[in-house]
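Chemist: Data: run.txt, compact mmCIF, N, CA and C atoms.
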```
# COMPACT_ATOMS: atom_id res chain seq x y z
N MET A 1 112.43 214.09 168.51
CA MET A 1 111.10 214.12 167.92
C MET A 1 110.92 215.46 167.20
N GLU A 2 110.25 215.41 166.07
CA GLU A 2 110.03 216.63 165.30
C GLU A 2 109.11 217.60 166.02
N ASP A 3 109.30 218.85 165.74
CA ASP A 3 108.47 219.92 166.29
C ASP A 3 107.53 220.36 165.17
N PRO A 4 106.24 220.03 165.23
CA PRO A 4 105.32 220.35 164.15
C PRO A 4 105.18 221.84 163.87
N THR A 5 105.56 222.69 164.82
CA THR A 5 105.49 224.12 164.54
C THR A 5 106.70 224.59 163.73
N CYS A 6 107.79 223.82 163.77
CA CYS A 6 109.00 224.19 163.02
C CYS A 6 109.22 223.32 161.79
N THR A 7 108.69 222.13 161.79
CA THR A 7 108.90 221.18 160.70
C THR A 7 107.55 220.83 160.09
N PRO A 8 107.14 221.59 159.07
CA PRO A 8 105.84 221.31 158.46
C PRO A 8 105.86 220.00 157.68
N GLY A 9 104.71 219.49 157.42
CA GLY A 9 104.60 218.27 156.63
C GLY A 9 103.48 217.40 157.14
N ALA A 10 103.27 216.33 156.45
CA ALA A 10 102.20 215.41 156.83
C ALA A 10 102.55 214.03 156.33
N ILE A 11 101.93 213.05 156.93
CA ILE A 11 102.05 211.67 156.48
C ILE A 11 100.95 211.43 155.47
N SER A 12 101.30 210.90 154.31
CA SER A 12 100.31 210.66 153.27
C SER A 12 99.58 209.34 153.52
N PRO A 13 98.26 209.38 153.62
CA PRO A 13 97.52 208.13 153.79
C PRO A 13 97.55 207.27 152.53
N ALA A 14 98.00 207.85 151.39
CA ALA A 14 98.10 207.09 150.14
C ALA A 14 99.31 206.17 150.13
N VAL A 15 100.26 206.39 151.03
CA VAL A 15 101.47 205.55 151.10
C VAL A 15 101.34 204.65 152.33
N THR A 16 101.37 203.37 152.08
CA THR A 16 101.27 202.39 153.16
C THR A 16 102.43 201.40 153.06
N GLN A 17 102.63 200.64 154.09
CA GLN A 17 103.66 199.61 154.07
C GLN A 17 103.40 198.63 152.92
N ALA A 18 102.15 198.37 152.64
CA ALA A 18 101.78 197.40 151.60
C ALA A 18 102.04 197.90 150.18
N ASN A 19 102.10 199.21 149.95
CA ASN A 19 102.27 199.69 148.58
C ASN A 19 103.57 200.48 148.35
N LEU A 20 104.55 200.28 149.20
CA LEU A 20 105.81 201.03 149.06
C LEU A 20 106.46 200.87 147.69
N LYS A 21 106.46 199.66 147.14
CA LYS A 21 107.12 199.45 145.84
C LYS A 21 106.45 200.23 144.72
N SER A 22 105.17 200.47 144.81
CA SER A 22 104.47 201.20 143.75
C SER A 22 104.32 202.69 144.05
N THR A 23 104.77 203.12 145.23
CA THR A 23 104.70 204.55 145.57
C THR A 23 106.12 205.10 145.73
N ILE A 24 106.59 205.26 146.94
CA ILE A 24 107.85 205.95 147.17
C ILE A 24 109.08 205.19 146.69
N CYS A 25 109.00 203.88 146.48
CA CYS A 25 110.16 203.10 146.04
C CYS A 25 110.16 202.81 144.54
N ARG A 26 109.18 203.30 143.81
CA ARG A 26 109.11 202.98 142.38
C ARG A 26 110.21 203.71 141.60
N LYS A 27 110.58 203.13 140.49
CA LYS A 27 111.57 203.79 139.62
C LYS A 27 110.90 205.04 139.05
N GLY A 28 111.67 206.08 138.92
CA GLY A 28 111.12 207.37 138.51
C GLY A 28 111.12 208.26 139.73
N SER A 29 110.25 209.21 139.77
CA SER A 29 110.28 210.16 140.87
C SER A 29 108.90 210.35 141.48
N TYR A 30 108.67 209.71 142.59
CA TYR A 30 107.43 209.89 143.34
C TYR A 30 107.35 211.34 143.85
N THR A 31 108.47 211.81 144.39
CA THR A 31 108.50 213.14 145.01
C THR A 31 108.13 214.24 144.03
N SER A 32 108.64 214.16 142.80
CA SER A 32 108.36 215.23 141.84
C SER A 32 106.88 215.33 141.51
N GLY A 33 106.15 214.25 141.71
CA GLY A 33 104.72 214.27 141.44
C GLY A 33 103.88 214.87 142.55
N ILE A 34 104.48 215.01 143.75
CA ILE A 34 103.71 215.53 144.88
C ILE A 34 104.28 216.81 145.47
N ARG A 35 105.54 217.10 145.19
CA ARG A 35 106.19 218.29 145.76
C ARG A 35 105.81 219.54 144.98
N PRO A 36 105.56 220.65 145.67
CA PRO A 36 105.31 221.91 144.96
C PRO A 36 106.56 222.33 144.19
N PRO A 37 106.41 223.20 143.20
CA PRO A 37 107.57 223.64 142.41
C PRO A 37 108.56 224.44 143.27
N ALA A 38 109.81 224.51 142.79
CA ALA A 38 110.86 225.23 143.51
C ALA A 38 110.50 226.70 143.73
N SER A 39 109.68 227.26 142.85
CA SER A 39 109.27 228.66 143.02
C SER A 39 108.47 228.84 144.32
N VAL A 40 107.83 227.78 144.77
CA VAL A 40 107.08 227.82 146.03
C VAL A 40 107.99 227.41 147.19
N THR A 41 108.65 226.27 147.06
CA THR A 41 109.46 225.77 148.18
C THR A 41 110.66 226.66 148.46
N GLY A 42 111.21 227.31 147.43
CA GLY A 42 112.34 228.21 147.65
C GLY A 42 111.96 229.39 148.52
N LYS A 43 110.79 229.95 148.27
CA LYS A 43 110.30 231.07 149.08
C LYS A 43 110.06 230.63 150.52
N GLU A 44 109.45 229.43 150.66
CA GLU A 44 109.18 228.91 152.00
C GLU A 44 110.49 228.68 152.76
N LYS A 45 111.47 228.12 152.07
CA LYS A 45 112.76 227.84 152.68
C LYS A 45 113.42 229.14 153.14
N ALA A 46 113.39 230.17 152.31
CA ALA A 46 114.00 231.45 152.66
C ALA A 46 113.29 232.10 153.86
N LEU A 47 111.97 232.05 153.88
CA LEU A 47 111.22 232.61 155.00
C LEU A 47 111.50 231.84 156.28
N ASN A 48 111.55 230.52 156.17
CA ASN A 48 111.83 229.68 157.34
C ASN A 48 113.23 229.96 157.87
N ALA A 49 114.21 230.06 156.97
CA ALA A 49 115.59 230.34 157.38
C ALA A 49 115.67 231.69 158.08
N ALA A 50 114.98 232.69 157.53
CA ALA A 50 114.98 234.02 158.14
C ALA A 50 114.39 233.99 159.54
N SER A 51 113.37 233.16 159.75
CA SER A 51 112.73 233.09 161.06
C SER A 51 113.69 232.53 162.11
N TYR A 52 114.70 231.78 161.68
CA TYR A 52 115.72 231.25 162.59
C TYR A 52 116.96 232.14 162.63
N GLY A 53 116.96 233.23 161.86
CA GLY A 53 118.10 234.13 161.83
C GLY A 53 119.25 233.64 160.96
N TYR A 54 118.98 232.65 160.11
CA TYR A 54 120.02 232.11 159.22
C TYR A 54 120.29 233.12 158.11
N LYS A 55 121.57 233.45 157.91
CA LYS A 55 121.94 234.43 156.91
C LYS A 55 122.88 233.85 155.85
N GLY A 56 123.13 232.55 155.91
CA GLY A 56 124.02 231.91 154.95
C GLY A 56 123.35 231.68 153.60
N ARG A 57 124.08 231.05 152.70
CA ARG A 57 123.55 230.74 151.37
C ARG A 57 122.48 229.66 151.48
N MET A 58 121.38 229.82 150.76
CA MET A 58 120.33 228.81 150.77
C MET A 58 120.83 227.48 150.22
N GLY A 59 121.80 227.54 149.30
CA GLY A 59 122.37 226.31 148.75
C GLY A 59 123.13 225.50 149.78
N ASP A 60 123.50 226.13 150.89
CA ASP A 60 124.20 225.43 151.96
C ASP A 60 123.25 224.94 153.04
N ALA A 61 121.98 225.26 152.91
CA ALA A 61 120.99 224.89 153.92
C ALA A 61 120.15 223.72 153.40
N GLU A 62 119.73 222.88 154.29
CA GLU A 62 118.89 221.73 153.93
C GLU A 62 117.62 221.79 154.76
N TYR A 63 116.50 221.68 154.08
CA TYR A 63 115.22 221.64 154.78
C TYR A 63 115.10 220.32 155.52
N ASP A 64 114.70 220.36 156.76
CA ASP A 64 114.48 219.14 157.51
C ASP A 64 113.18 218.50 157.02
N HIS A 65 113.05 217.23 157.23
CA HIS A 65 111.85 216.51 156.83
C HIS A 65 111.07 216.09 158.06
N LEU A 66 109.77 216.02 157.91
CA LEU A 66 108.92 215.63 159.03
C LEU A 66 109.33 214.26 159.55
N ILE A 67 109.57 213.32 158.63
CA ILE A 67 109.99 211.97 159.02
C ILE A 67 111.28 211.69 158.27
N SER A 68 112.38 212.06 158.83
CA SER A 68 113.68 211.99 158.16
C SER A 68 114.10 210.55 157.88
N GLY A 69 114.49 210.30 156.64
CA GLY A 69 115.06 209.02 156.28
C GLY A 69 114.12 207.86 156.12
N VAL A 70 112.84 208.05 156.36
CA VAL A 70 111.91 206.93 156.31
C VAL A 70 111.81 206.35 154.91
N ALA A 71 111.70 207.19 153.89
CA ALA A 71 111.56 206.69 152.53
C ALA A 71 112.77 205.89 152.12
N ALA A 72 113.95 206.41 152.35
CA ALA A 72 115.18 205.71 151.96
C ALA A 72 115.31 204.39 152.70
N THR A 73 115.00 204.39 153.98
CA THR A 73 115.10 203.18 154.77
C THR A 73 114.07 202.15 154.32
N ALA A 74 112.85 202.60 154.06
CA ALA A 74 111.78 201.68 153.66
C ALA A 74 112.10 200.99 152.33
N CYS A 75 112.76 201.71 151.42
CA CYS A 75 113.06 201.15 150.12
C CYS A 75 114.20 200.14 150.18
N LEU A 76 114.99 200.17 151.22
CA LEU A 76 116.08 199.22 151.36
C LEU A 76 115.62 197.88 151.91
N VAL A 77 114.47 197.87 152.53
CA VAL A 77 113.96 196.65 153.17
C VAL A 77 113.45 195.67 152.14
```
As a first step, turn the structure in this file into structure tokens.
Modeler:
Amino acid sequence: MEDPTCTPGAISPAVTQANLKSTICRKGSYTSGIRPPASVTGKEKALNAASYGYKGRMGDAEYDHLISGVAATACLV
């Protein structure tokens, strides 16, 4: 189970089981319309990594997601 103090994020009430095809599964990029720019997320990622003592390359690190794999799985159904 995710740790909300370590894995920030939220469930969007705008995305429901009934509208998956027109939201997260639509052609194009749903994420780019809601995600902050890399100038913001890059800083957050670096600060988060530092808080865990990670000293490797940021390009080798992957941010965890609050609900991992849900979008990809939902679009396959």
Chemist: Please identify all polymer residues within 12 Å of stretch 50-60 of chain A, counting only C-alpha atoms, omitting same-chain residues fewer than 6 positions from it, and present them as a list in words.
Modeler: Cys6, Thr41, Gly42, Lys43 and Glu44 of chain A
Chemist: What is the atom C of A:Cys25 to atom N of A:Ser12 distance in Å?
Modeler: 15.5 Å
Chemist: If you measure from atom CA of A:Ala18 to atom N of A:Pro37, what distance in Å do you get, rounded to one decimal?
Modeler: 27.5 Å
Chemist: Quick one: pull the distance between atom CA of A:Thr23 and atom CA of A:Arg35, Å, one decimal.
Modeler: 13.8 Å
Chemist: Could all heavy atoms be built for stretch 32-43 of chain A and written out as a short mmCIF file (atom, residue, chain, number, x, y, z; two decimals), keeping the file's coordinate frame?
Modeler:
```
data_model
loop_
_atom_site.label_atom_id
_atom_site.label_comp_id
_atom_site.auth_asym_id
_atom_site.auth_seq_id
_atom_site.Cartn_x
_atom_site.Cartn_y
_atom_site.Cartn_z
N SER A 32 108.64 214.16 142.80
CA SER A 32 108.36 215.23 141.84
C SER A 32 106.88 215.33 141.51
O SER A 32 106.41 216.38 141.10
CB SER A 32 109.18 215.04 140.57
OG SER A 32 108.75 213.89 139.87
N GLY A 33 106.15 214.25 141.71
CA GLY A 33 104.72 214.27 141.44
C GLY A 33 103.88 214.87 142.55
O GLY A 33 102.72 215.20 142.35
N ILE A 34 104.48 215.01 143.75
CA ILE A 34 103.71 215.53 144.88
C ILE A 34 104.28 216.81 145.47
O ILE A 34 103.58 217.53 146.16
CB ILE A 34 103.57 214.48 146.00
CG1 ILE A 34 104.94 214.09 146.55
CG2 ILE A 34 102.81 213.26 145.52
CD1 ILE A 34 104.87 213.33 147.85
N ARG A 35 105.54 217.10 145.19
CA ARG A 35 106.19 218.29 145.76
C ARG A 35 105.81 219.54 144.98
O ARG A 35 105.78 219.53 143.76
CB ARG A 35 107.71 218.11 145.73
CG ARG A 35 108.44 219.29 146.35
CD ARG A 35 109.92 219.08 146.35
NE ARG A 35 110.24 218.04 147.31
CZ ARG A 35 111.44 217.53 147.48
NH1 ARG A 35 112.44 217.93 146.74
NH2 ARG A 35 111.65 216.61 148.40
N PRO A 36 105.56 220.65 145.67
CA PRO A 36 105.31 221.91 144.96
C PRO A 36 106.56 222.33 144.19
O PRO A 36 107.66 221.89 144.51
CB PRO A 36 105.02 222.91 146.09
CG PRO A 36 104.73 222.10 147.30
CD PRO A 36 105.45 220.80 147.12
N PRO A 37 106.41 223.20 143.20
CA PRO A 37 107.57 223.64 142.41
C PRO A 37 108.56 224.44 143.27
O PRO A 37 108.20 224.99 144.31
CB PRO A 37 106.96 224.52 141.32
CG PRO A 37 105.63 224.92 141.83
CD PRO A 37 105.16 223.82 142.75
N ALA A 38 109.81 224.51 142.79
CA ALA A 38 110.86 225.23 143.51
C ALA A 38 110.50 226.70 143.73
O ALA A 38 110.95 227.31 144.70
CB ALA A 38 112.18 225.11 142.76
N SER A 39 109.68 227.26 142.85
CA SER A 39 109.27 228.66 143.02
C SER A 39 108.47 228.84 144.32
O SER A 39 108.45 229.92 144.90
CB SER A 39 108.44 229.13 141.83
OG SER A 39 107.27 228.34 141.68
N VAL A 40 107.83 227.78 144.77
CA VAL A 40 107.08 227.82 146.03
C VAL A 40 107.99 227.41 147.19
O VAL A 40 108.08 228.12 148.20
CB VAL A 40 105.85 226.88 145.97
CG1 VAL A 40 105.18 226.76 147.33
CG2 VAL A 40 104.87 227.37 144.92
N THR A 41 108.65 226.27 147.06
CA THR A 41 109.46 225.77 148.18
C THR A 41 110.66 226.66 148.46
O THR A 41 111.08 226.78 149.61
CB THR A 41 109.92 224.33 147.93
OG1 THR A 41 110.68 224.27 146.73
CG2 THR A 41 108.73 223.38 147.84
N GLY A 42 111.21 227.31 147.43
CA GLY A 42 112.34 228.21 147.65
C GLY A 42 111.96 229.39 148.52
O GLY A 42 112.71 229.79 149.42
N LYS A 43 110.79 229.95 148.27
CA LYS A 43 110.30 231.07 149.08
C LYS A 43 110.06 230.63 150.52
O LYS A 43 110.39 231.33 151.48
CB LYS A 43 109.02 231.65 148.48
CG LYS A 43 109.24 232.39 147.18
CD LYS A 43 107.92 232.83 146.58
CE LYS A 43 108.11 233.40 145.19
NZ LYS A 43 106.85 233.71 144.54
#
```
